[in-house]
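Have a look at work.txt below; it lists compact mmCIF, C-alpha atoms.
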# COMPACT_ATOMS: atom_id res chain seq x y z
CA MET A 2 21.12 -28.50 -1.65
CA LYS A 3 17.46 -29.46 -1.68
CA THR A 4 17.04 -28.34 1.95
CA LEU A 5 18.69 -25.01 1.20
CA LEU A 6 16.45 -24.48 -1.82
CA SER A 7 13.34 -25.35 0.20
CA LEU A 8 14.40 -22.96 2.93
CA ALA A 9 15.07 -20.15 0.47
CA ALA A 10 11.68 -20.83 -1.13
CA LEU A 11 9.97 -20.61 2.27
CA PHE A 12 11.67 -17.30 3.15
CA LEU A 13 10.79 -15.92 -0.29
CA ALA A 14 7.19 -17.16 0.02
CA ILE A 15 6.81 -15.40 3.39
CA PHE A 16 8.20 -12.17 1.97
CA LEU A 17 5.89 -12.33 -1.07
CA ALA A 18 2.93 -13.22 1.14
CA PHE A 19 2.96 -9.66 2.56
CA PRO A 20 2.16 -7.80 -0.69
CA ILE A 21 -0.13 -10.62 -1.85
CA GLN A 22 -2.28 -10.57 1.31
CA GLU A 23 -2.51 -6.79 0.99
CA MET A 24 -3.93 -7.17 -2.49
CA ILE A 25 -6.61 -9.61 -1.33
CA PRO A 26 -9.62 -7.57 -0.16
CA ALA A 27 -11.30 -8.12 3.19
CA VAL A 28 -14.32 -10.43 3.20
CA PRO A 29 -17.50 -8.37 3.76
CA ALA A 30 -19.48 -11.51 4.66
CA LEU A 31 -17.08 -12.02 7.60
CA HIS A 32 -17.42 -8.38 8.76
CA GLY A 33 -14.15 -7.34 7.15
CA ALA A 34 -12.02 -10.32 8.23
CA ARG A 35 -8.84 -10.57 6.16
CA LEU A 36 -6.99 -13.54 4.77
CA LEU A 37 -3.52 -13.72 6.36
CA LEU A 38 -1.12 -15.92 4.42
CA VAL A 39 1.95 -15.32 6.57
CA PRO A 40 0.92 -17.33 9.70
CA ALA A 41 -0.11 -20.29 7.52
CA LEU A 42 3.32 -20.36 5.84
CA PHE A 43 5.22 -19.78 9.08
CA PHE A 44 3.53 -22.59 11.04
CA TYR A 45 4.06 -25.04 8.23
CA GLY A 46 7.75 -24.14 8.38
CA ALA A 47 7.74 -24.27 12.18
CA VAL A 48 6.64 -27.92 12.30
CA ALA A 49 8.83 -28.98 9.39
CA LEU A 50 12.16 -27.22 10.10
CA PRO A 51 14.87 -27.90 12.70
CA THR A 52 14.66 -25.62 15.77
CA SER A 53 17.57 -23.30 14.90
CA THR A 54 16.28 -22.70 11.37
CA MET A 55 12.76 -22.21 12.71
CA LEU A 56 14.12 -19.51 15.01
CA ALA A 57 15.69 -17.69 12.04
CA LEU A 58 12.34 -17.94 10.24
CA ALA A 59 10.53 -16.58 13.33
CA VAL A 60 12.85 -13.54 13.48
CA PHE A 61 12.38 -12.91 9.74
CA THR A 62 8.58 -13.32 9.89
CA GLY A 63 8.20 -11.33 13.09
CA LEU A 64 10.29 -8.40 11.90
CA LEU A 65 8.47 -8.15 8.56
CA THR A 66 5.11 -8.47 10.32
CA ASP A 67 5.97 -5.63 12.69
CA LEU A 68 7.11 -3.42 9.82
CA ALA A 69 4.00 -4.23 7.79
CA TYR A 70 1.67 -3.27 10.65
CA LEU A 71 3.68 -0.43 12.21
CA HIS A 72 1.28 2.41 12.93
CA VAL A 73 2.82 5.76 13.83
CA VAL A 74 0.61 8.80 14.25
CA SER A 75 2.16 12.15 15.16
CA GLY A 76 5.28 10.43 16.47
CA GLN A 77 3.37 7.93 18.63
CA VAL A 78 3.97 4.22 17.94
CA GLU A 79 0.94 2.03 18.63
CA ILE A 80 2.66 -1.37 18.60
CA ALA A 81 6.45 -1.35 18.81
CA VAL A 82 8.66 -3.32 16.44
CA GLY A 83 9.79 -6.51 18.16
CA TRP A 84 6.67 -7.94 19.76
CA SER A 85 5.79 -10.09 16.72
CA ILE A 86 9.28 -11.61 16.89
CA VAL A 87 8.54 -12.70 20.48
CA PHE A 88 5.12 -13.99 19.37
CA PHE A 89 6.49 -16.07 16.48
CA VAL A 90 9.43 -17.38 18.52
CA ILE A 91 7.20 -18.61 21.36
CA LEU A 92 4.47 -20.10 19.18
CA GLY A 93 7.11 -21.40 16.75
CA LEU A 94 8.76 -23.32 19.61
CA LEU A 95 5.40 -24.82 20.58
CA ALA A 96 4.78 -25.83 16.97
CA ASN A 97 8.31 -27.19 16.69
CA GLY A 98 7.58 -29.45 19.66
CA LEU A 99 4.89 -31.14 17.54
CA GLN A 100 7.40 -32.00 14.83
CA PRO A 101 7.68 -35.73 15.76
CA ALA A 102 3.91 -36.15 15.27
CA PHE A 103 4.11 -34.24 11.95
CA GLN A 104 6.94 -36.50 10.79
CA ARG A 105 4.89 -39.57 11.74
CA GLY A 106 2.35 -38.53 9.12
CA HIS A 107 0.01 -36.18 10.97
CA TRP A 108 0.23 -33.62 8.15
CA TRP A 109 -2.84 -31.72 9.41
CA ILE A 110 -1.08 -30.38 12.53
CA PRO A 111 -0.27 -26.91 11.03
CA ILE A 112 -3.98 -26.36 10.23
CA PRO A 113 -5.37 -26.01 13.79
CA LEU A 114 -2.11 -24.36 14.80
CA THR A 115 -2.62 -21.68 12.13
CA LEU A 116 -6.25 -21.16 13.15
CA VAL A 117 -5.39 -20.65 16.81
CA ALA A 118 -2.20 -18.63 16.22
CA THR A 119 -3.74 -16.26 13.65
CA SER A 120 -6.70 -15.53 15.91
CA LEU A 121 -4.41 -15.12 18.92
CA PHE A 122 -2.16 -12.75 16.96
CA LEU A 123 -5.10 -10.53 15.99
CA LEU A 124 -6.54 -10.68 19.51
CA MET A 125 -3.20 -9.53 20.96
CA GLN A 126 -2.95 -6.75 18.37
CA PHE A 127 -6.46 -5.59 19.29
CA ALA A 128 -5.71 -5.78 23.02
CA MET A 129 -2.51 -3.73 22.62
CA ILE A 130 -4.30 -1.07 20.57
CA SER A 131 -7.11 -0.94 23.13
CA LEU A 132 -4.66 -0.56 26.01
CA ARG A 133 -2.84 2.26 24.25
CA ARG A 134 -6.07 4.04 23.34
CA GLU A 135 -7.39 3.53 26.86
CA GLY A 136 -10.70 2.03 25.85
CA PHE A 137 -11.45 -1.68 25.63
CA PHE A 138 -14.58 -2.93 23.96
CA PHE A 139 -15.60 -6.14 22.31
CA ASN A 140 -18.39 -6.53 19.81
CA GLU A 141 -19.61 -8.92 17.16
CA VAL A 142 -17.43 -7.35 14.45
CA VAL A 143 -14.25 -7.75 16.53
CA VAL A 144 -15.02 -11.43 17.13
CA TRP A 145 -15.74 -12.01 13.43
CA ARG A 146 -12.54 -10.29 12.37
CA ILE A 147 -10.44 -12.33 14.79
CA LEU A 148 -12.01 -15.76 14.27
CA GLY A 149 -12.83 -15.21 10.58
CA ALA A 150 -9.19 -14.46 9.81
CA GLY A 151 -8.16 -17.59 11.72
CA VAL A 152 -10.53 -19.77 9.72
CA LEU A 153 -9.44 -18.23 6.39
CA SER A 154 -5.76 -18.76 7.23
CA ALA A 155 -6.46 -22.35 8.28
CA LEU A 156 -7.99 -22.97 4.85
CA VAL A 157 -4.75 -21.74 3.26
CA ALA A 158 -2.74 -23.96 5.65
CA PHE A 159 -4.79 -26.91 4.37
CA LEU A 160 -3.51 -26.21 0.84
CA ILE A 161 0.14 -25.66 1.75
CA HIS A 162 0.97 -29.31 2.48
CA PRO A 163 0.05 -30.72 -0.97
CA ILE A 164 1.83 -27.78 -2.62
CA ALA A 165 4.95 -28.40 -0.52
CA ILE A 166 4.88 -32.14 -1.32
CA TRP A 167 4.48 -31.43 -5.03
CA SER A 168 7.28 -28.85 -5.15
CA GLY A 169 9.50 -31.13 -3.00
CA ARG A 170 9.05 -33.93 -5.52
CA LEU A 171 9.93 -31.55 -8.34
CA MET A 172 13.19 -30.62 -6.63
CA GLU A 173 13.97 -34.18 -5.54
CA ASP A 174 13.72 -35.58 -9.01
CA SER A 175 15.91 -33.38 -11.18
CA THR A 176 15.12 -35.52 -14.19
CA PHE A 177 11.40 -34.80 -13.81
CA ALA A 178 11.27 -32.30 -16.64
CA ARG A 179 13.45 -34.42 -18.94
CA ARG A 180 11.39 -37.56 -18.33
CA THR A 181 8.18 -35.64 -18.96
CA VAL A 182 9.50 -34.59 -22.34
CA LEU A 183 10.75 -38.12 -23.12
CA ALA A 184 7.44 -39.67 -22.10
CA LYS A 185 5.64 -37.77 -24.84
CA PRO A 186 5.10 -39.90 -27.97
CA MET B 20 16.07 -28.54 23.52
CA LYS B 21 19.76 -28.17 22.72
CA LYS B 22 21.89 -25.71 24.70
CA LEU B 23 22.67 -23.76 21.51
CA ASN B 24 18.97 -23.32 20.77
CA ILE B 25 18.29 -22.06 24.30
CA ILE B 26 21.06 -19.47 23.88
CA LEU B 27 19.63 -18.51 20.47
CA VAL B 28 16.15 -18.01 21.95
CA VAL B 29 17.52 -15.83 24.74
CA VAL B 30 19.57 -13.73 22.28
CA ILE B 31 16.55 -13.28 19.98
CA LEU B 32 14.26 -12.27 22.85
CA ILE B 33 16.80 -9.73 24.14
CA GLY B 34 17.18 -8.40 20.57
CA ALA B 35 13.40 -8.10 20.20
CA VAL B 36 13.10 -6.18 23.46
CA MET B 37 15.92 -3.85 22.37
CA LEU B 38 14.17 -3.30 19.03
CA SER B 39 10.96 -2.37 20.84
CA THR B 40 12.74 0.43 22.71
CA MET B 41 13.67 2.20 19.46
CA GLY B 42 12.19 5.63 18.83
CA SER B 43 9.44 6.22 16.29
CA LYS B 44 11.79 7.75 13.68
CA PRO B 45 14.13 4.73 13.33
CA MET B 46 11.06 2.45 13.29
CA GLN B 47 9.55 4.50 10.48
CA GLY B 48 12.92 4.42 8.72
CA LEU B 49 12.87 0.61 8.81
CA GLN B 50 9.25 0.60 7.68
CA SER B 51 10.02 2.84 4.72
CA VAL B 52 12.77 0.38 3.62
CA PHE B 53 10.24 -2.47 3.87
CA LEU B 54 7.70 -0.37 1.96
CA SER B 55 10.21 0.27 -0.83
CA LEU B 56 10.88 -3.48 -1.07
CA VAL B 57 7.22 -4.54 -1.34
CA SER B 58 5.98 -1.60 -3.40
CA PRO B 59 7.03 -2.98 -6.82
CA PHE B 60 4.72 -5.93 -6.15
CA LEU B 61 1.91 -3.67 -4.92
CA LYS B 62 2.28 -1.36 -7.92
CA THR B 63 2.25 -4.31 -10.33
CA GLY B 64 -0.81 -5.78 -8.60
CA SER B 65 -2.58 -2.42 -8.67
CA ALA B 66 -1.79 -1.93 -12.37
CA VAL B 67 -2.97 -5.45 -13.24
CA SER B 68 -6.27 -5.09 -11.34
CA GLN B 69 -6.78 -1.69 -12.94
CA GLN B 70 -6.20 -3.15 -16.40
CA ILE B 71 -8.59 -6.01 -15.69
CA GLY B 72 -11.21 -3.60 -14.32
CA SER B 73 -10.95 -1.28 -17.28
CA VAL B 74 -11.37 -3.94 -19.97
CA GLY B 75 -14.37 -2.86 -21.98
CA GLN B 76 -14.57 0.53 -20.28
CA ASN B 77 -11.78 2.05 -22.31
CA LEU B 78 -13.08 0.94 -25.67
CA LYS B 79 -14.62 4.03 -27.25
CA THR B 80 -15.36 5.07 -30.79
CA LEU B 81 -13.47 7.90 -32.45
CA ASP B 82 -16.59 10.09 -32.34
CA GLU B 83 -17.04 9.51 -28.61
CA LEU B 84 -13.39 10.34 -28.00
CA GLU B 85 -13.70 13.52 -30.06
CA ILE B 86 -16.73 14.68 -28.05
CA GLU B 87 -15.00 13.79 -24.77
CA ASN B 88 -11.87 15.64 -25.84
CA ARG B 89 -13.90 18.74 -26.75
CA ASP B 90 -15.71 18.66 -23.39
CA LEU B 91 -12.48 18.19 -21.47
CA THR B 92 -10.75 21.05 -23.33
CA LEU B 93 -13.68 23.32 -22.51
CA LYS B 94 -13.68 22.23 -18.87
CA ASN B 95 -9.91 22.75 -18.70
CA ARG B 96 -10.27 26.34 -19.98
CA GLU B 97 -13.04 27.01 -17.51
CA LEU B 98 -10.94 25.69 -14.63
CA MET B 99 -7.88 27.66 -15.75
CA ALA B 100 -9.94 30.83 -15.85
CA THR B 101 -11.44 30.12 -12.39
CA ASN B 102 -8.00 29.26 -11.05
CA GLN B 103 -6.60 32.56 -12.34
CA LEU B 104 -9.48 34.44 -10.77
CA LEU B 105 -8.95 32.67 -7.44
CA ARG B 106 -5.22 33.44 -7.56
CA ASP B 107 -6.00 37.11 -8.02
CA ILE B 108 -8.42 36.97 -5.09
CA GLU B 109 -5.83 35.10 -3.03
CA ALA B 110 -3.18 37.74 -3.76
CA GLU B 111 -5.67 40.48 -2.91
CA ASN B 112 -6.64 38.66 0.27
CA ASN B 113 -3.00 38.30 1.30
CA ASN B 114 -2.40 42.01 0.62
CA LEU B 115 -5.37 42.93 2.77
CA ARG B 116 -4.25 40.55 5.53
CA GLN B 117 -0.81 42.11 5.36
CA ALA B 118 -2.37 45.57 5.61
CA LEU B 119 -4.26 44.40 8.69
CA GLU B 120 -1.05 42.80 9.99
CA TYR B 121 -2.49 39.29 9.87
CA ARG B 122 -0.23 36.39 9.07
CA GLU B 123 -0.12 35.73 5.31
CA ARG B 124 -1.98 32.60 4.24
CA SER B 125 0.24 29.87 2.85
CA VAL B 126 -0.16 28.86 -0.76
CA PHE B 127 -0.26 25.08 -1.13
CA LYS B 128 0.69 22.87 -4.01
CA LEU B 129 -1.37 19.81 -4.93
CA LEU B 130 0.57 16.70 -5.86
CA PRO B 131 -1.51 14.03 -7.62
CA ALA B 132 -1.06 10.45 -6.40
CA ARG B 133 -2.59 7.05 -6.99
CA VAL B 134 -3.71 4.49 -4.42
CA ILE B 135 -1.68 1.28 -4.86
CA SER B 136 -3.05 -0.69 -1.92
CA ARG B 137 -5.93 -0.24 0.50
CA ASP B 138 -6.96 -1.57 3.93
CA ALA B 139 -3.77 -3.52 4.47
CA SER B 140 -4.59 -4.47 8.04
CA THR B 141 -7.47 -5.58 10.23
CA TRP B 142 -7.46 -2.76 12.78
CA TRP B 143 -6.14 0.33 10.99
CA ASN B 144 -7.70 2.27 8.11
CA THR B 145 -4.87 3.14 5.79
CA VAL B 146 -4.05 3.19 2.09
CA LYS B 147 -0.72 3.27 0.31
CA ILE B 148 -0.01 5.80 -2.46
CA ASN B 149 2.63 5.97 -5.16
CA ARG B 150 4.36 9.16 -4.00
CA GLY B 151 7.21 9.44 -1.52
CA PHE B 152 9.96 11.73 -0.28
CA GLU B 153 11.47 11.90 -3.76
CA ASP B 154 8.32 13.79 -4.78
CA GLY B 155 8.52 16.13 -1.80
CA VAL B 156 6.08 14.24 0.43
CA GLU B 157 6.66 14.33 4.19
CA SER B 158 4.80 12.76 7.08
CA ASP B 159 1.71 14.57 8.39
CA MET B 160 0.71 16.11 5.08
CA PRO B 161 -3.02 16.37 4.26
CA VAL B 162 -4.40 14.13 1.53
CA LEU B 163 -7.62 15.03 -0.27
CA THR B 164 -9.63 14.69 -3.45
CA GLU B 165 -11.67 17.26 -5.34
CA THR B 166 -14.66 16.30 -3.17
CA GLY B 167 -13.07 16.47 0.28
CA LEU B 168 -10.64 15.22 2.89
CA VAL B 169 -9.09 11.74 2.70
CA GLY B 170 -6.56 11.73 5.56
CA LYS B 171 -2.89 12.45 6.19
CA THR B 172 0.45 10.84 5.39
CA THR B 173 2.28 8.88 8.10
CA THR B 174 5.30 6.83 6.99
CA VAL B 175 6.95 8.12 3.82
CA ALA B 176 9.30 5.95 1.74
CA LYS B 177 11.26 6.86 -1.40
CA ASN B 178 8.38 6.54 -3.85
CA GLU B 179 5.49 5.43 -1.61
CA SER B 180 3.65 6.70 1.45
CA ILE B 181 1.12 5.38 3.91
CA VAL B 182 -2.00 7.52 4.25
CA LEU B 183 -3.99 7.34 7.47
CA LEU B 184 -7.64 7.68 6.48
CA MET B 185 -9.90 10.02 8.44
CA THR B 186 -12.13 7.02 9.22
CA ASP B 187 -9.38 5.71 11.52
CA GLU B 188 -9.78 6.27 15.23
CA THR B 189 -6.30 7.80 15.51
CA CYS B 190 -6.91 10.44 12.82
CA ARG B 191 -8.34 13.44 14.67
CA VAL B 192 -9.37 16.51 12.74
CA ALA B 193 -10.37 19.86 14.24
CA SER B 194 -13.66 20.68 12.51
CA ARG B 195 -16.26 23.40 12.22
CA VAL B 196 -19.88 23.09 11.17
CA GLU B 197 -21.20 25.20 8.31
CA GLY B 198 -23.79 27.80 9.32
CA SER B 199 -23.04 27.59 13.05
CA VAL B 200 -20.34 28.47 15.55
CA GLU B 201 -19.92 24.82 16.51
CA GLN B 202 -16.44 23.31 16.49
CA GLY B 203 -15.45 19.77 17.39
CA ILE B 204 -13.02 16.91 16.76
CA ALA B 205 -13.80 14.48 13.95
CA SER B 206 -12.40 10.96 14.19
CA GLY B 207 -13.20 7.50 12.90
CA GLN B 208 -14.08 4.33 14.77
CA ARG B 209 -11.73 1.54 15.83
CA VAL B 210 -14.07 -1.07 14.41
CA ALA B 211 -17.08 0.12 12.46
CA SER B 212 -20.25 -1.69 13.48
CA ALA B 213 -21.87 -3.97 10.92
CA GLY B 214 -24.31 -1.57 9.29
CA THR B 215 -22.27 1.63 9.45
CA PRO B 216 -18.96 1.23 7.66
CA GLY B 217 -16.81 4.32 7.17
CA GLU B 218 -18.69 6.74 9.42
CA VAL B 219 -16.93 9.56 11.23
CA GLN B 220 -17.88 10.89 14.67
CA LEU B 221 -17.79 14.58 15.46
CA SER B 222 -17.37 14.96 19.22
CA PHE B 223 -17.00 17.79 21.77
CA LEU B 224 -19.83 19.86 20.29
CA SER B 225 -22.05 21.82 22.65
CA LYS B 226 -25.07 19.92 23.94
CA SER B 227 -27.39 22.52 22.47
CA ALA B 228 -25.81 22.42 19.00
CA ASN B 229 -28.87 20.73 17.48
CA LEU B 230 -27.20 20.05 14.12
CA GLN B 231 -29.42 19.12 11.23
CA PRO B 232 -28.82 16.30 8.74
CA GLY B 233 -27.10 17.61 5.61
CA GLN B 234 -25.10 20.37 7.31
CA LYS B 235 -21.58 20.39 5.93
CA VAL B 236 -18.52 19.99 8.17
CA TYR B 237 -15.13 21.51 7.22
CA THR B 238 -11.63 21.41 8.68
CA ALA B 239 -11.18 24.21 11.21
CA GLY B 240 -7.48 24.74 10.50
CA VAL B 241 -6.13 25.23 14.01
CA SER B 242 -2.69 26.80 14.28
CA GLY B 243 0.08 24.21 14.35
CA GLY B 244 -2.32 21.55 13.04
CA VAL B 245 -1.93 19.31 10.01
CA PHE B 246 -5.03 20.34 8.07
CA PRO B 247 -5.61 23.84 6.67
CA SER B 248 -9.11 25.27 7.10
CA GLY B 249 -11.90 24.84 4.61
CA ILE B 250 -11.49 21.25 3.42
CA LEU B 251 -14.84 19.47 3.32
CA ILE B 252 -14.96 16.50 5.71
CA GLY B 253 -18.54 15.36 5.23
CA GLU B 254 -22.18 15.93 6.05
CA VAL B 255 -24.04 15.53 9.31
CA LYS B 256 -26.18 12.38 9.40
CA THR B 257 -27.41 12.42 12.99
CA PHE B 258 -26.87 14.45 16.14
CA LYS B 259 -27.33 13.45 19.76
CA ALA B 260 -26.79 15.33 23.00
CA ARG B 261 -24.74 13.32 25.53
CA ALA B 262 -24.21 13.89 29.24
CA LEU B 263 -21.39 16.39 28.80
CA ASP B 264 -21.31 17.26 25.11
CA GLY B 265 -22.99 16.78 21.77
CA GLN B 266 -21.94 14.23 19.17
CA ALA B 267 -22.76 14.06 15.48
CA VAL B 268 -22.26 11.20 13.06
CA LEU B 269 -20.89 12.28 9.68
CA ALA B 270 -20.97 10.68 6.26
CA PRO B 271 -17.54 11.35 4.71
CA ALA B 272 -17.53 13.50 1.58
CA VAL B 273 -15.14 11.09 -0.14
CA ASP B 274 -15.94 7.44 -0.85
CA LEU B 275 -12.87 6.14 0.98
CA ALA B 276 -13.54 2.51 0.08
CA GLY B 277 -13.27 3.24 -3.64
CA VAL B 278 -10.95 6.25 -3.85
CA GLU B 279 -8.21 5.78 -6.45
CA ASP B 280 -6.78 9.19 -7.26
CA VAL B 281 -5.88 11.65 -4.52
CA PHE B 282 -3.90 14.87 -4.04
CA ILE B 283 -1.30 15.58 -1.38
CA LEU B 284 -0.98 19.12 -0.07
CA VAL B 285 2.80 19.40 -0.21
CA GLY B 286 3.21 22.56 1.80
CA ALA B 287 3.91 26.18 1.09
CA LYS B 288 5.58 27.01 -2.19
For this file, write the structure as structure tokens.
Amino acid sequence: MKTLLSLAALFLAIFLAFPIQEMIPAVPALHGARLLLVPALFFYGAVALPTSTMLALAVFTGLLTDLAYLHVVSGQVEIAVGWSIVFFVILGLLANGLQPAFQRGHWWIPIPLTLVATSLFLLMQFAMISLRREGFFFNEVVVWRILGAGVLSALVAFLIHPIAIWSGRLMEDSTFARRTVLAKP
Amino acid sequence: MKKLNIILVVVILIGAVMLSTMGSKPMQGLQSVFLSLVSPFLKTGSAVSQQIGSVGQNLKTLDELEIENRDLTLKNRELMATNQLLRDIEAENNNLRQALEYRERSVFKLLPARVISRDASTWWNTVKINRGFEDGVESDMPVLTETGLVGKTTTVAKNESIVLLMTDETCRVASRVEGSVEQGIASGQRVASAGTPGEVQLSFLSKSANLQPGQKVYTAGVSGGVFPSGILIGEVKTFKARALDGQAVLAPAVDLAGVEDVFILVGAK
């Protein structure tokens, strides 16, 4: 029951992360880099969940990501729906391979994973757009936007573990609320 | 890895490849469903931030409100009178065009809309607005404000639409320069350089155009295009002659980073 609840909470958190990250403005100091919450949540799930469940999460995350970023102008699709699913499945499998280390107490593993994966995701998006528009260039702003977003997401990933532990304890101990009330004088 | 997981991975990858071969219409259909699902959260967030931003601004005395109301009533009458006059001129113009066997100009309807989310992605310049196909919005409809052009609609959901801003590289607008015969294509930049956010480039001008800063640029309104003629795009900032053509940098007429209320041109009545 607890596992199912945690899983539902993770799926819901990823869905809600889309409108929330849209509401967070870009950081002007980082040349317009944006905070992406979705990769941070996904990679935490990828190292914590069994492989089959992680794959379901990758499909869910990838599909929503593609729909969130779908850009169609005059009937031309810039990045087709489906590529993010492939991205999250492949990187999710890599992250899932690090699960034994995560279970041994290396709780920080999702943090560098999120940094690298977020930056890689944006780099691939930029490369695909550039290929379609037939003009590749790289400048300081592009680098800032790719790496800045990775760093911002890694900071979020740093916060996810304590939140997950805290919420897990809440669910584990169903008498938590009752004991809190009883403990009051 | 278990055999079942390997099969799952293969099935998912085949499914993803099949999804990627879909046409743009079904993809936009899926996106509009997603947009409808997330829009309640976006609308709530937009309303909350608006409320927070307007704390203190909306507190006015009764006297101030009375003066404002009087001014607005006067302005409204003025605009109604001007509007009536312009309608008469429009009718007269259409009659004359008919007499000269020109095609009659379409009469457009302005639909007010509010921005509920802006700059949702790293590489594309878009905003989301609170009007969709239920309000008569379709894709590729011009979006503007009283000061000039904003962009055009792309994906349209039930009560929301995505607007591609004219500062995006993929938004190309046929343009003409005031006081000259110069015409060109205005488009944004993929990634604006550090000191020049939100600039628009006007390309394919003649090398000898020699445009001056401050010259106004309007939509040219090519036949079969999205934008009707005469919508202000912006002002010329600089002009340079390149090897084959001339290129001007424009400052958009609308502050796209702060725009909140827009109008959609919802087609001929």
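Atom pair atom CA of B:Ile252 / atom CA of B:Thr172: separated by 16.4 Å.
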Go through chain B and flag each residue having an atom no more than 6 Å from chain A; for those, report the closest pair of atoms plus their distance in Å to one decimal, using all atoms listed in the file, ordered by chain and rising number, as a tab-separated table.
residue	atom	partner	partner_atom	distance
B:Ala35	CA	A:Gly83	CA	4.4
B:Leu38	CA	A:Gly83	CA	5.5
B:Ser39	CA	A:Ala81	CA	5.0
B:Ser43	CA	A:Gly76	CA	5.9
B:Gln50	CA	A:Leu68	CA	5.0
B:Leu61	CA	A:Pro20	CA	5.9
B:Ala139	CA	A:Glu23	CA	4.9
Would you mind reading off the distance between atom CA of B:Thr174 and atom CA of B:Phe53, one decimal, in Å?
11.0 Å
Mind pulling up the distance from atom CA of B:Glu254 to atom CA of B:Val268?
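Value for the atom CA of B:Val268-atom CA of B:Glu254 distance: 8.5 Å.
Proximity of A:Trp167, A:Phe137, A:Phe61, A:Phe44 to A:Leu95, computed with all atoms listed in the file, is greatest for A:Phe44.
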